[in-house]
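Data from protein_13.cif: mmCIF, C-alpha atoms and all ligand atoms
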data_model
#
loop_
_atom_site.label_atom_id
_atom_site.label_comp_id
_atom_site.auth_asym_id
_atom_site.auth_seq_id
_atom_site.Cartn_x
_atom_site.Cartn_y
_atom_site.Cartn_z
CA MET A 1 0.00 0.00 0.00
CA PHE A 2 2.80 2.44 0.76
CA GLU A 3 3.83 2.56 -2.90
CA THR A 4 0.77 4.68 -3.58
CA LEU A 5 2.00 7.44 -1.28
CA THR A 6 3.32 10.60 -2.88
CA GLU A 7 5.63 13.23 -1.45
CA GLN A 8 3.68 15.81 0.60
CA PRO A 9 4.54 19.51 0.35
CA ALA A 10 7.18 20.49 2.91
CA ASP A 11 6.28 23.17 5.45
CA LYS A 12 8.36 26.19 4.48
CA ILE A 13 9.00 27.29 8.06
CA LEU A 14 10.08 23.87 9.28
CA GLN A 15 12.19 23.32 6.16
CA LEU A 16 14.04 26.53 6.90
CA MET A 17 14.68 25.37 10.48
CA GLN A 18 16.36 22.27 9.06
CA MET A 19 18.48 24.24 6.58
CA TYR A 20 19.67 26.48 9.39
CA ARG A 21 20.66 23.50 11.54
CA GLU A 22 22.68 22.05 8.68
CA ASP A 23 24.53 25.30 7.87
CA PRO A 24 28.09 24.97 9.26
CA ARG A 25 28.90 28.71 9.03
CA GLU A 26 29.85 30.50 12.23
CA GLY A 27 27.80 33.55 13.08
CA LYS A 28 24.72 32.34 11.19
CA ILE A 29 21.54 34.13 12.25
CA ASP A 30 18.17 32.36 12.60
CA LEU A 31 15.19 34.64 12.03
CA GLY A 32 12.94 31.80 10.88
CA VAL A 33 10.59 29.83 13.09
CA GLY A 34 8.47 31.77 15.59
CA VAL A 35 10.21 30.83 18.80
CA TYR A 36 11.31 33.42 21.35
CA LYS A 37 15.03 33.60 22.01
CA ASP A 38 16.73 35.68 24.66
CA ALA A 39 19.88 37.76 24.06
CA THR A 40 22.03 34.62 24.33
CA GLY A 41 20.00 32.76 21.73
CA LYS A 42 18.29 30.45 24.26
CA THR A 43 14.58 29.74 24.48
CA PRO A 44 14.28 29.68 28.27
CA VAL A 45 11.73 27.86 30.38
CA MET A 46 9.94 30.78 32.04
CA ARG A 47 10.59 31.13 35.77
CA ALA A 48 6.96 30.71 36.84
CA ILE A 49 6.53 27.66 34.60
CA LYS A 50 9.61 26.04 36.14
CA ALA A 51 8.30 26.77 39.65
CA ALA A 52 4.87 25.35 38.80
CA GLU A 53 6.45 22.23 37.28
CA LYS A 54 8.46 21.66 40.46
CA LYS A 55 5.33 21.98 42.57
CA LEU A 56 3.42 19.70 40.23
CA TRP A 57 6.13 17.06 40.43
CA GLU A 58 5.96 17.20 44.20
CA GLU A 59 2.17 17.20 44.49
CA GLN A 60 0.76 15.28 41.54
CA ASP A 61 -0.22 11.79 42.65
CA SER A 62 -1.92 10.44 39.54
CA LYS A 63 -1.58 10.50 35.78
CA ALA A 64 -5.06 9.07 35.22
CA TYR A 65 -7.04 10.56 32.33
CA THR A 66 -8.62 13.97 32.62
CA GLY A 67 -11.94 14.63 30.81
CA LEU A 68 -12.16 14.83 27.01
CA ALA A 69 -12.26 18.60 27.28
CA GLY A 70 -9.18 18.63 29.52
CA ASP A 71 -9.19 20.08 33.02
CA PRO A 72 -12.10 22.57 33.33
CA ALA A 73 -9.87 24.77 35.51
CA PHE A 74 -7.58 25.29 32.50
CA ALA A 75 -10.51 26.40 30.34
CA ASP A 76 -11.70 28.80 33.07
CA ALA A 77 -8.25 30.30 33.56
CA MET A 78 -7.62 30.75 29.83
CA ILE A 79 -11.10 32.13 29.14
CA ASN A 80 -10.42 34.66 31.84
CA LEU A 81 -7.02 35.56 30.35
CA VAL A 82 -8.30 35.95 26.80
CA LEU A 83 -11.85 37.22 27.27
CA SER A 84 -11.94 38.51 30.84
CA ASP A 85 -15.65 39.12 31.50
CA SER A 86 -16.49 40.36 27.99
CA VAL A 87 -18.68 37.29 27.32
CA ALA A 88 -20.90 35.39 29.78
CA ARG A 89 -19.14 32.17 30.79
CA GLU A 90 -22.35 30.19 30.27
CA ASN A 91 -22.23 31.02 26.54
CA ILE A 92 -18.74 29.58 26.08
CA ALA A 93 -17.90 25.96 25.29
CA ALA A 94 -14.20 25.15 25.48
CA VAL A 95 -11.78 22.26 25.11
CA ALA A 96 -8.07 21.93 25.66
CA THR A 97 -6.19 21.07 22.47
CA PRO A 98 -2.64 20.09 21.50
CA GLY A 99 -1.31 23.62 21.04
CA GLY A 100 -2.85 26.47 19.08
CA THR A 101 -2.60 24.35 15.93
CA GLY A 102 -4.82 21.70 17.55
CA ALA A 103 -7.38 24.40 18.34
CA VAL A 104 -7.22 25.72 14.78
CA ARG A 105 -7.69 22.25 13.34
CA GLN A 106 -10.64 21.47 15.63
CA ALA A 107 -12.25 24.83 14.83
CA PHE A 108 -12.09 24.08 11.11
CA GLU A 109 -13.53 20.62 11.71
CA LEU A 110 -16.34 22.08 13.81
CA ALA A 111 -17.15 24.60 11.08
CA ARG A 112 -17.27 21.85 8.47
CA LEU A 113 -19.44 19.69 10.70
CA ALA A 114 -21.88 22.60 11.08
CA LYS A 115 -21.84 23.53 7.39
CA SER A 116 -20.42 21.02 4.93
CA ASP A 117 -19.81 23.66 2.24
CA VAL A 118 -18.31 26.22 4.63
CA ARG A 119 -15.77 28.64 3.15
CA VAL A 120 -12.97 30.08 5.24
CA PHE A 121 -11.74 33.58 4.47
CA VAL A 122 -8.06 34.03 5.33
CA SER A 123 -5.87 37.11 5.18
CA ASP A 124 -3.39 37.42 2.34
CA PRO A 125 -0.95 36.43 3.68
CA THR A 126 -1.70 34.28 6.70
CA TRP A 127 0.21 31.64 8.68
CA PRO A 128 0.90 29.04 5.94
CA ASN A 129 -0.35 26.18 8.07
CA HIS A 130 -3.86 27.70 8.15
CA VAL A 131 -4.11 27.21 4.42
CA SER A 132 -2.37 23.86 4.50
CA ILE A 133 -4.81 22.41 7.06
CA LEU A 134 -7.83 23.84 5.23
CA LYS A 135 -6.69 22.29 1.97
CA TYR A 136 -6.03 18.99 3.70
CA LEU A 137 -9.57 19.03 5.09
CA GLY A 138 -10.98 19.90 1.68
CA ILE A 139 -12.41 23.21 2.90
CA GLU A 140 -12.68 26.04 0.40
CA VAL A 141 -10.21 28.86 1.10
CA VAL A 142 -10.95 32.43 0.07
CA THR A 143 -8.28 35.07 0.61
CA TYR A 144 -8.96 38.65 1.58
CA ARG A 145 -6.52 41.48 0.97
CA TYR A 146 -4.54 42.36 4.07
CA PHE A 147 -0.92 43.39 3.65
CA ASP A 148 -0.08 46.52 1.71
CA GLY A 149 3.26 45.88 0.00
CA GLU A 150 3.89 49.61 -0.37
CA THR A 151 3.25 50.88 3.16
CA ARG A 152 3.88 47.52 4.87
CA GLY A 153 0.75 48.28 6.87
CA VAL A 154 -2.79 46.91 6.45
CA ASN A 155 -4.68 47.50 3.21
CA PHE A 156 -7.83 48.11 5.20
CA GLU A 157 -9.92 49.30 2.28
CA GLY A 158 -9.13 46.13 0.33
CA MET A 159 -9.77 43.99 3.39
CA VAL A 160 -13.23 45.46 3.98
CA GLU A 161 -14.12 45.20 0.32
CA ASP A 162 -13.20 41.51 0.26
CA LEU A 163 -14.85 40.63 3.58
CA ALA A 164 -18.10 42.14 2.33
CA LYS A 165 -18.23 39.12 -0.02
CA ALA A 166 -18.45 36.62 2.86
CA GLY A 167 -21.89 35.11 3.32
CA PRO A 168 -23.91 33.81 6.27
CA GLY A 169 -22.09 30.93 7.94
CA ASP A 170 -18.79 31.58 6.18
CA ILE A 171 -15.84 31.73 8.55
CA VAL A 172 -13.63 34.81 8.63
CA LEU A 173 -10.27 33.94 10.15
CA LEU A 174 -8.68 36.88 11.96
CA HIS A 175 -5.46 37.16 13.93
CA GLY A 176 -6.33 38.51 17.39
CA CYS A 177 -3.06 40.42 17.69
CA CYS A 178 0.50 40.39 16.34
CA HIS A 179 -0.41 39.28 12.82
CA ASN A 180 1.65 36.34 11.58
CA PRO A 181 3.51 36.68 9.19
CA THR A 182 3.32 40.45 8.62
CA GLY A 183 3.39 42.18 12.03
CA ALA A 184 0.86 44.70 10.63
CA ASN A 185 -2.29 45.08 12.73
CA LEU A 186 -5.67 46.80 12.78
CA ASN A 187 -6.45 49.58 15.23
CA LEU A 188 -9.57 49.37 17.38
CA THR A 189 -11.60 51.67 15.12
CA GLN A 190 -10.86 49.32 12.24
CA TRP A 191 -11.76 46.30 14.36
CA GLN A 192 -15.11 47.93 15.07
CA GLU A 193 -15.67 48.27 11.32
CA VAL A 194 -14.85 44.59 10.89
CA VAL A 195 -17.39 43.74 13.60
CA ASP A 196 -20.06 45.78 11.82
CA LEU A 197 -19.26 43.98 8.59
CA LEU A 198 -19.43 40.55 10.23
CA ASN A 199 -22.82 41.39 11.64
CA LYS A 200 -24.01 42.72 8.29
CA THR A 201 -22.91 39.66 6.30
CA GLY A 202 -23.73 37.04 8.92
CA SER A 203 -20.25 35.56 8.58
CA VAL A 204 -18.68 34.02 11.68
CA PRO A 205 -15.35 35.22 13.05
CA MET A 206 -12.69 32.73 14.04
CA ILE A 207 -9.89 34.39 15.95
CA ASP A 208 -6.47 32.86 16.19
CA ILE A 209 -4.66 34.38 19.16
CA ALA A 210 -1.16 32.97 19.57
CA TYR A 211 0.83 35.99 20.75
CA GLN A 212 -1.16 37.64 23.55
CA GLY A 213 1.33 39.72 25.56
CA PHE A 214 3.86 40.04 22.73
CA GLY A 215 2.42 43.20 21.17
CA ASP A 216 1.24 46.08 23.35
CA GLY A 217 0.61 44.15 26.58
CA LEU A 218 -1.59 41.31 27.87
CA GLU A 219 -4.77 43.38 28.20
CA GLU A 220 -4.14 45.54 25.13
CA ASP A 221 -3.54 42.49 22.94
CA ALA A 222 -6.85 40.99 24.02
CA ALA A 223 -8.89 44.13 23.30
CA ALA A 224 -9.79 43.13 19.73
CA VAL A 225 -10.82 39.57 20.55
CA ARG A 226 -12.94 40.86 23.45
CA LEU A 227 -14.57 43.44 21.22
CA VAL A 228 -15.40 40.90 18.51
CA ALA A 229 -16.54 38.14 20.86
CA SER A 230 -18.88 40.46 22.75
CA SER A 231 -20.39 42.01 19.61
CA VAL A 232 -21.28 39.07 17.36
CA PRO A 233 -23.73 36.22 17.91
CA GLU A 234 -21.24 33.39 17.31
CA CYS A 235 -17.48 33.20 17.43
CA LEU A 236 -14.65 30.67 17.49
CA ILE A 237 -11.38 31.40 19.27
CA ALA A 238 -8.18 29.36 19.04
CA ALA A 239 -5.74 30.37 21.78
CA SER A 240 -2.17 29.16 22.08
CA CYS A 241 0.00 29.08 25.20
CA SER A 242 3.12 28.10 23.25
CA LYS A 243 4.66 31.54 23.01
CA ASN A 244 3.38 33.60 25.93
CA PHE A 245 4.04 30.78 28.42
CA GLY A 246 7.03 29.44 26.48
CA VAL A 247 5.63 25.87 26.60
CA TYR A 248 6.03 25.17 22.88
CA ARG A 249 6.72 21.44 23.01
CA GLU A 250 4.07 20.74 25.66
CA ARG A 251 1.35 21.48 23.08
CA THR A 252 -0.99 23.66 25.08
CA GLY A 253 -3.98 25.42 23.56
CA LEU A 254 -7.69 26.06 24.00
CA LEU A 255 -10.55 26.17 21.54
CA MET A 256 -13.53 28.30 22.55
CA SER A 257 -16.86 28.23 20.81
CA ILE A 258 -19.21 31.05 21.75
CA ALA A 259 -22.94 30.90 21.10
CA ALA A 260 -25.49 33.72 21.15
CA ASP A 261 -27.64 31.81 23.52
CA ALA A 262 -26.53 29.78 26.55
CA SER A 263 -28.94 26.97 25.65
CA LYS A 264 -26.56 26.07 22.77
CA THR A 265 -23.52 25.66 25.02
CA LYS A 266 -24.25 22.07 26.00
CA LEU A 267 -24.44 21.00 22.36
CA ASN A 268 -21.30 22.98 21.49
CA GLN A 269 -19.44 21.49 24.42
CA GLY A 270 -20.51 17.99 23.46
CA THR A 271 -19.46 18.53 19.85
CA LEU A 272 -16.02 19.81 20.87
CA ALA A 273 -15.53 16.82 23.19
CA PHE A 274 -16.61 14.50 20.36
CA LEU A 275 -14.05 16.07 18.01
CA ASN A 276 -11.31 15.65 20.62
CA ARG A 277 -12.29 11.99 21.02
CA GLN A 278 -12.15 11.37 17.28
CA ASN A 279 -8.81 13.02 16.72
CA TYR A 280 -6.69 12.27 19.77
CA SER A 281 -9.04 11.45 22.62
CA PHE A 282 -7.76 13.27 25.71
CA PRO A 283 -5.76 16.43 25.11
CA PRO A 284 -2.25 16.72 26.62
CA ASP A 285 -2.38 17.80 30.24
CA HIS A 286 1.07 18.77 31.48
CA GLY A 287 1.33 22.19 29.81
CA ALA A 288 -2.30 23.00 30.53
CA ARG A 289 -1.86 22.13 34.19
CA VAL A 290 1.22 24.26 34.75
CA VAL A 291 -0.37 27.17 32.87
CA THR A 292 -3.41 26.86 35.15
CA MET A 293 -1.19 26.82 38.23
CA VAL A 294 0.60 29.95 37.04
CA LEU A 295 -2.61 31.81 36.25
CA ASN A 296 -4.31 30.86 39.52
CA ASP A 297 -1.45 31.57 41.91
CA PRO A 298 -1.03 35.33 42.46
CA ALA A 299 2.75 35.17 43.06
CA LEU A 300 3.44 32.90 40.08
CA ARG A 301 1.15 34.95 37.90
CA ALA A 302 2.88 38.19 38.84
CA ASP A 303 6.28 36.68 38.08
CA TRP A 304 5.04 35.30 34.74
CA GLN A 305 3.61 38.67 33.77
CA ALA A 306 6.85 40.40 34.70
CA GLU A 307 8.91 37.99 32.59
CA LEU A 308 6.49 38.23 29.67
CA GLU A 309 6.76 42.00 29.88
CA GLU A 310 10.57 41.72 29.71
CA VAL A 311 10.19 39.59 26.58
CA ARG A 312 7.79 42.07 25.00
CA THR A 313 9.85 45.14 25.73
CA SER A 314 13.06 43.48 24.60
CA MET A 315 11.45 42.75 21.22
CA LEU A 316 10.22 46.34 21.00
CA GLY A 317 13.73 47.57 21.77
CA LEU A 318 15.13 45.38 18.97
CA ARG A 319 12.51 46.72 16.55
CA GLU A 320 13.49 50.27 17.37
CA GLN A 321 17.20 49.53 17.11
CA LEU A 322 16.76 47.83 13.72
CA ALA A 323 14.56 50.62 12.34
CA SER A 324 17.00 53.31 13.40
CA GLU A 325 20.05 51.37 12.17
CA LEU A 326 18.35 51.00 8.79
CA GLN A 327 17.40 54.65 8.76
CA ARG A 328 21.05 55.57 9.34
CA LEU A 329 22.36 53.21 6.65
CA SER A 330 19.70 53.92 4.03
CA GLY A 331 19.36 57.63 4.78
CA SER A 332 15.59 57.20 4.53
CA ASP A 333 12.53 56.40 6.63
CA ARG A 334 11.46 53.50 4.46
CA PHE A 335 12.10 50.96 7.20
CA GLY A 336 10.10 52.86 9.82
CA PHE A 337 7.37 50.22 9.61
CA ILE A 338 9.58 47.80 11.57
CA ALA A 339 9.09 49.94 14.69
CA GLN A 340 5.35 50.22 13.99
CA HIS A 341 4.75 46.49 13.59
CA ARG A 342 3.92 44.44 16.66
CA GLY A 343 4.62 40.92 17.85
CA MET A 344 7.31 38.51 16.93
CA PHE A 345 7.32 39.09 13.19
CA SER A 346 7.76 41.72 10.54
CA ARG A 347 7.43 41.21 6.85
CA LEU A 348 10.08 43.22 5.05
CA GLY A 349 8.31 43.07 1.71
CA ALA A 350 11.43 41.80 -0.13
CA SER A 351 11.50 39.34 -3.03
CA ALA A 352 12.28 35.65 -2.50
CA GLU A 353 15.53 36.18 -4.46
CA LEU A 354 16.77 38.78 -2.01
CA VAL A 355 15.79 36.61 0.94
CA GLN A 356 17.80 33.81 -0.66
CA LYS A 357 20.74 36.17 -1.12
CA LEU A 358 20.62 37.06 2.58
CA ARG A 359 20.81 33.37 3.35
CA GLU A 360 23.51 32.45 0.86
CA ASP A 361 25.78 35.50 1.15
CA HIS A 362 25.21 36.45 4.80
CA ALA A 363 23.98 33.27 6.55
CA ILE A 364 20.83 35.11 7.63
CA TYR A 365 17.75 32.91 7.64
CA MET A 366 14.26 34.31 7.25
CA VAL A 367 11.12 32.81 5.70
CA GLY A 368 10.95 33.14 1.88
CA ASP A 369 8.14 35.70 2.04
CA SER A 370 10.63 37.97 3.92
CA ARG A 371 9.11 37.38 7.36
CA LEU A 372 11.72 37.85 10.05
CA ASN A 373 11.49 36.77 13.67
CA ILE A 374 12.49 39.82 15.68
CA ALA A 375 13.20 37.64 18.72
CA GLY A 376 15.93 35.86 16.76
CA LEU A 377 17.97 39.09 16.96
CA ASN A 378 20.05 40.62 19.73
CA LYS A 379 21.81 43.97 20.13
CA THR A 380 24.91 42.65 18.35
CA SER A 381 23.19 40.98 15.42
CA VAL A 382 20.89 43.93 14.62
CA PRO A 383 23.66 46.00 12.93
CA ILE A 384 24.85 42.89 11.04
CA LEU A 385 21.32 42.31 9.71
CA ALA A 386 20.82 45.98 8.86
CA GLU A 387 24.06 46.07 6.87
CA ALA A 388 23.16 42.87 5.02
CA ILE A 389 19.68 44.21 4.17
CA ILE A 390 21.21 47.29 2.60
CA LYS A 391 23.98 45.30 0.89
CA VAL A 392 21.64 42.91 -0.89
CA GLY A 393 19.53 45.88 -1.98
CA ILE A 394 16.26 45.50 -0.07
C1 LIG B 1 5.64 30.17 13.23
O1 LIG B 1 4.80 30.75 12.53
O2 LIG B 1 6.87 30.20 12.97
C2 LIG B 1 5.21 29.42 14.45
O3 LIG B 1 3.84 29.54 14.63
C3 LIG B 1 5.70 28.03 14.49
C4 LIG B 1 5.03 27.13 13.52
O4 LIG B 1 4.54 26.08 13.96
O5 LIG B 1 5.00 27.43 12.32
#

Any chance you could give the structure as structure tokens?
Amino acid sequence: MFETLTEQPADKILQLMQMYREDPREGKIDLGVGVYKDATGKTPVMRAIKAAEKKLWEEQDSKAYTGLAGDPAFADAMINLVLSDSVARENIAAVATPGGTGAVRQAFELARLAKSDVRVFVSDPTWPNHVSILKYLGIEVVTYRYFDGETRGVNFEGMVEDLAKAGPGDIVLLHGCCHNPTGANLNLTQWQEVVDLLNKTGSVPMIDIAYQGFGDGLEEDAAAVRLVASSVPECLIAASCSKNFGVYRERTGLLMSIAADASKTKLNQGTLAFLNRQNYSFPPDHGARVVTMVLNDPALRADWQAELEEVRTSMLGLREQLASELQRLSGSDRFGFIAQHRGMFSRLGASAELVQKLREDHAIYMVGDSRLNIAGLNKTSVPILAEAIIKVGI
């Protein structure tokens, strides 16, 4: 039977990770995969996570299964972090998932279960795996304009024009904050316009929030998702703990499904549990449990927030340093957008050839669409990158 298998398309981000690992050059710079690195190039276990893990090791006396939805305390803690009290808890069904990707996958499956011919509108560009999973599931993908290649900001007019074409029951996938891969984001006035449009067309928002706390702050980064979730009848939210808790390999995420009317929650909850059972049965627990411990313990939570804030401000500092270095070298403001963007990524807007040149001539690795991971930089590598960008002619 295996002879019928054909080669599957490689994931561009993971492929780049591999190429970087195999590059023997000293001083190579990895700005590829979206993983936070500190100034020494390490992806640390956050202090509060380490402390919670220690406590868990000491106190946990069973590894018996949790429920299909995971530990309800995890759902409560994450709902509180993402939505605060913007939506009544009784209207929210939620299940733990293996990472944000698990939540995204389950959300797409739920949408297809509800509407077999569902279409999913995705930003152009979006995280490549969104499109890959949708294609794999046989769900129709429609792109809406998002990134403006000239300004490197959002082409809001184009976005609104394209989203007006979504129909009742179509899903509109939005990035809650820190857009991946561009770093360009909507302001709250624009979010309100999107909400009005969703309500006008009857399309259903699905919000992927994987970088809460990496943009303007924990509360600020949740403002859009809270606005949307509290203003539309139905909404799906895929939240990841990978980045803001630094628990990447533990696969920790939550899918929320919000109904207009609390009487639908039981059915939604049952459907989400069913989908978990079909795909992997019980979701992973370790990451979810330590995240819950951190969020529910005031001292651990305060320490986590302080460390997350250090991460956020260090990335902002690197953005500013890179923008000003490029301003000095280019004698122009054309790289000012790097300081305006938020989150882990910025899209430079350079051709694939120039990105390849950066890799081949300067051992600088970024994704082919010119997305760079700001957290892959440090104070010393910023001037090296800036010089290389100018040298290759970006
Ligand atoms: C990224 O966009 O680099 C991250 O979300 C990691 C991944 O799984 O692609």

Residues up to 8 Å from ligand LIG 1 (chain B), counting only C-alpha atoms and all ligand atoms: could you list those as a list in words?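 Listed by chain and ascending number, the contacts are Ile13, Leu14, Gly32, Val33, Gly34, Val35, Thr101, Trp127, Pro128, Asn129, Asn180, Pro181 and Ala210 of chain A.
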
Counting all atoms listed in the file, select every polymer residue within 12 Å of (-27.9, 30.1, 22.7) as defined in the file's coordinates, and provide the selection as a PyMOL selection string. chain A and resi 88+90-93+233-234+257-268

Have a look at CA of Ala94 (chain A) and CA of Gln190 (chain A) and let me know their distance in Å, one decimal.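 Here the two named atoms are 27.8 Å from each other.
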
Using all atoms listed in the file, the shortest atom-to-atom distance to Arg347 (chain A) among A:Tyr136, A:Phe121, A:Phe245, A:Phe335 belongs to A:Phe335

If you count all atoms listed in the file, which residues fall within 9 Å of region 292-304 of chain A, apart from same-chain ones fewer than 2 positions away, as a PyMOL selection string? chain A and resi 46-49+51-53+56+73-78+81+245+287-290+306-309

Taking (-4.6, 46.6, 8.1) in the coordinates of the supplied file, I want to know which residues reach to within 7 Å of it, counting only C-alpha atoms; could you give the answer as a ChimeraX atom specification? /A:146-147,153-156,184-186

Would you tabulate, counting only C-alpha atoms, all residues of region 12-75 of chain A that have an atom at most 8 Å from an atom of region 246-252 of chain A, showing the closest pair of atoms and their distance in Å to one decimal, sorted by chain then ascending number, as JSON lines?
{"residue": "A:Tyr36", "atom": "CA", "partner": "A:Gly246", "partner_atom": "CA", "distance": 7.8}
{"residue": "A:Thr43", "atom": "CA", "partner": "A:Gly246", "partner_atom": "CA", "distance": 7.8}
{"residue": "A:Pro44", "atom": "CA", "partner": "A:Gly246", "partner_atom": "CA", "distance": 7.5}
{"residue": "A:Val45", "atom": "CA", "partner": "A:Gly246", "partner_atom": "CA", "distance": 6.3}
{"residue": "A:Met46", "atom": "CA", "partner": "A:Gly246", "partner_atom": "CA", "distance": 6.4}

Using only the atoms of region 181-189 of chain A listed in the file, plus 6 Å on each side, state the axis-aligned box centre and edge lengths in Å rounded to one decimal, as AutoDock Vina command-line options.
--center_x -4.0 --center_y 44.2 --center_z 13.0 --size_x 27.1 --size_y 27.0 --size_z 20.8

Using CA of Asp216 (chain A) and CA of Arg312 (chain A) as the two end points, give the distance in Å to one decimal.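 Value for the CA of Asp216 (chain A)-CA of Arg312 (chain A) distance: 7.9 Å.
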